[in-house]
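Q: Would you mind keeping the following structure in view while I ask a few things?
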There are 4 protein chains.
Amino acid sequence: MAKFISRRRFTIEWGHCDPAGIVFNSRFFEFFDWGTWLLFEAALGVKPSDLAAAFGIAGLPLVDAGARFLAPAGDVVELASHVSEFRRSSFDVEHRLLVGTTVAVEGRETRVWAARDPADPSKMRSQPIPAKVTARFHT
Amino acid sequence: MAKFISRRRFTIEWGHCDPAGIVFNSRFFEFFDWGTWLLFEAALGVKPSDLAAAFGIAGLPLVDAGARFLAPAGDVVELASHVSEFRRSSFDVEHRLLVGTTVAVEGRETRVWAARDPADPSKMRSQPIPAKVTARFHT
Amino acid sequence: MAKFISRRRFTIEWGHCDPAGIVFNSRFFEFFDWGTWLLFEAALGVKPSDLAAAFGIAGLPLVDAGARFLAPAGDVVELASHVSEFRRSSFDVEHRLLVGTTVAVEGRETRVWAARDPADPSKMRSQPIPAKVTARFHT
Amino acid sequence: MAKFISRRRFTIEWGHCDPAGIVFNSRFFEFFDWGTWLLFEAALGVKPSDLAAAFGIAGLPLVDAGARFLAPAGDVVELASHVSEFRRSSFDVEHRLLVGTTVAVEGRETRVWAARDPADPSKMRSQPIPAKVTARFHT
């Protein structure tokens with residue numbers, strides 16, 4: 001059973017770049033976020049805005065993120081994203097931004113499967129990730 | 001000798017937030033970048049755009065970054081940034097985003113002191129960080 | 001009776017700039033949005049996230065926006081924002097971004113005072129702006 | 001002779017949206033900027049970063065921009081961009097962001113064909129737009 005990987009090709013824009021002429025670093029974290037939503041939409045068949053209603057959660061809050069910048073990113077890139085590990089109520093997503101076959105940036109996110117706290121709806125509380133969810137991240 | 005810490009207070013804006021009503025995560029990495037430039041400007045007395053001319057470098061490319069999201073960030077926040085370690089040609093910056101006295105987000109960046117490669121000006125090459133630079137990051 | 005003007009000073013960051021070394025143009029519209037929310041918070045004493053509950057509206061959707069770019073913006077700027085006209089259910093906000101005493105950018109926004117449509121909550125419907133609201137935008 | 005129109009399809013991302021769940025307005029101006037660079041690259045066969053060297057200019061500074069927001073933008077959109085008028089040294093670009101066949105946002109930009117001022121390279125000076133350039137914007 002292989003892990004389900006979502007892929008998106010897109011163009012690095014002039015407006016993504018900083019005065020040094022390279023992609024401004026926070027943009028990569030924005031791209032990773034795109035990648036995670038795309039991955040979940042592809043695996044679960046549900047848009048980000050419908051995830052809450054479909055699974056009774058309030059979101060997938062990010063608790064940890066990181067990136068290694070290995071080579072310049074430019075022109076057309078491909079973002080490949082997959083869940084590297086599911087735990088009881090949190091999971092890790094790994095992202096690779098490719099320029100051709102070169103990995104330009106590696107990213108990782110740790111997110112929580114979270115619902116509103118019934119005792120205080122302004123807060124989020126982690127929830128066990130349903131088996132029917134994790135099962136969809138294999139092919 | 002204490003480490004030199006730069007601090008900036010700023011307001012979290014509606015436009016910084018995502019559909020979940022919280023700060024969109026890539027914004028924090030943008031804030032960290034602000035913090036690093038502010039730190040270097042405060043310590044060295046040189047604006048980001050003049051750093052190259054003042055020290056013969058082409059920039060401070062980011063090679064690794066990470067963040068831990070501990071609590072919601074809102075309203076007025078304070079970003080405290082300092083260099084936690086200088087190595088021969090690279091260094092680590094640590095950032096803490098505070099809401100009151102609570103650390104909402106911890107960030108870290110590893111950057112390189114880099115000049116244009118004389119053999120190929122389209123590339124960057126790490127350079128030894130001058131002692132007169134590192135000396136300015138203590139108080 | 002003078003118009004109520006809100007003012008904010010902030011720093012143009014390296015990360016706001018594009019490869020030409022100037023502020024990337026969409027950032028100014030982000031600044032204008034900051035200015036409008038600041039203006040309404042200052043005039044009405046209500047945070048953006050509480051505006052809905054306080055006045056029974058769903059938001060202030062933007063229907064038209066524009067800017068004239070007159071001079072480079074850099075370092076510390078001041079954004080001055082005021083409502084130039086209230087109509088029955090819409091209003092115009094004018095923004096000036098100043099570098100010292102020079103107007104670097106002029107902006108304008110037309111927004112609607114809008115509530116959820118009772119017949120279809122996924123849609124917004126313009127509402128008459130209460131007199132108690134408009135009265136707060138004079139000093 | 002018809003005007004040359006460049007078109008790009010792309011996905012509206014969760015991270016493009018604000019707490020109201022709609023695309024944050026400054027993003028549209030970022031999309032318009034993408035559209036203009038795409039249009040020039042398609043018409044002239046030159047990347048934004050090579051435009052300067054190819055035509056002896058320093059950039060296409062924006063002097064005026066505007067947008068009308070007509071309908072919500074979501075999911076997959078198409079951005080159609082064309083030059084509506086060339087003048088001696090400036091030109092207008094019109095953008096339409098389509099959701100299916102519905103125009104969600106109309107945008108316009110006025111930009112200048114500008115070189116470094118030989119007397120003061122920190123400044124830009126408008127230049128006559130070469131006929132070989134304008135000729136490429138027809139099909």
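Residue numbering restarts at 1 in every chain; chains get A, B, ... in the order shown in the structure tokens, and ligands count up from 1 in that same order.
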Could you please write out, as a PyMOL selection string, every residue of chain C that DSSP assigns to strand (DSSP E)?
A: chain C and resi 6-11+62-69+76-86+90-99+102-112+114-117+120-126
Q: For Ser26 of chain C, please output as a PyMOL selection string all residues within 7 Å (counting only C-alpha atoms; exclusion window: fewer than 6 positions along the same chain).
A: chain D and resi 26-27+29-30
Q: Could those residues be written to a file, using N, CA and C atoms, as a compact mmCIF listing (two decimals), in the first residue's frame?
A:
```txt
# COMPACT_ATOMS: atom_id res chain seq x y z
N SER D 26 -6.78 42.41 -1.54
CA SER D 26 -5.49 42.76 -2.14
C SER D 26 -4.95 41.64 -3.02
N ARG D 27 -5.44 40.43 -2.78
CA ARG D 27 -5.00 39.30 -3.62
C ARG D 27 -5.35 39.51 -5.08
N PHE D 29 -5.29 42.22 -6.75
CA PHE D 29 -4.28 43.07 -7.38
C PHE D 29 -2.99 42.29 -7.61
N GLU D 30 -2.73 41.35 -6.73
CA GLU D 30 -1.60 40.45 -6.95
C GLU D 30 -1.87 39.60 -8.20
```
Q: Here is a test: counting only C-alpha atoms, which residue of C:Asp75, C:Asp50, C:Asp18, C:Asp33 is nearest to Val99 of chain C?
A: C:Asp75
Q: Any idea what's packed within 9 Å of Gly107 of chain A, counting only C-alpha atoms, ignoring anything in its chain fewer than 6 positions away? Could you give it as a PyMOL selection string?
A: chain A and resi 28-29+32+65-69+93-97
Q: Report the distance between atom CA of Phe91 of chain A and atom CA of Ala53 of chain A in Å, rounded to one decimal place.
A: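 It comes out at 20.1 Å.
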Q: Enumerate as an NGL selection string all residues of chain B assigned to alpha helix (DSSP H) by DSSP on the backbone, naming them with the chain letters and numbers the document uses.
A: :B and (26-44 or 48-55 or 131-134)
Q: Nearest to chain A: which of B:Ile57, B:Ile129, B:Leu62, B:Ile5 is it, counting only C-alpha atoms?
A: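 Among B:Ile57, B:Ile129, B:Leu62, B:Ile5, it is B:Leu62 that comes nearest to chain A.
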Q: Residues within 7 Å of Val112 of chain A, please, as a VMD selection string. Count only C-alpha atoms; anything in the same chain fewer than 5 positions from it doesn't count.
A: chain A and resid 60 to 62 89 to 91 126
Q: Per residue of chain D within 7 Å of chain B, record the nearest atom pair and its distance in Å to one decimal, counting only C-alpha atoms, with rows in chain order and ascending residue number, as a Markdown table.
A:
```
| residue | atom | partner | partner_atom | distance |
| --- | --- | --- | --- | --- |
| D:Gly15 | CA | B:Asp18 | CA | 6.2 |
| D:Cys17 | CA | B:Asp18 | CA | 5.8 |
| D:Asp18 | CA | B:Asp18 | CA | 4.6 |
| D:Pro19 | CA | B:Pro19 | CA | 4.0 |
| D:Ala20 | CA | B:Pro19 | CA | 6.1 |
| D:Gly21 | CA | B:Pro19 | CA | 4.7 |
| D:Phe24 | CA | B:Gly15 | CA | 6.9 |
```
Q: List the neighbours of Met124 of chain B out to 6 Å using only C-alpha atoms; skip same-chain residues closer than 6 positions along the sequence, and give me the result as a PyMOL selection string.
A: chain B and resi 114-117
Q: Can you work out the spacing between atom CA of Gln127 of chain A and atom CA of Arg7 of chain A in Å, to one decimal?
A: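 Atom CA of Arg7 of chain A lies at a distance of 27.6 Å from atom CA of Gln127 of chain A.
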Q: Could you tell me how far atom CA of Leu70 of chain B sits from atom CA of Leu38 of chain B, in Å to one decimal place?
A: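 Pair atom CA of Leu38 of chain B / atom CA of Leu70 of chain B returns 23.6 Å.
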Q: Write out as a PyMOL selection string each polymer residue whose atoms come within 12 Å of Thr134 of chain A, counting only C-alpha atoms; drop sequence neighbours fewer than 4 positions from it.
A: chain A and resi 3-4+40+43-44+82-91+113+128-130+138-139
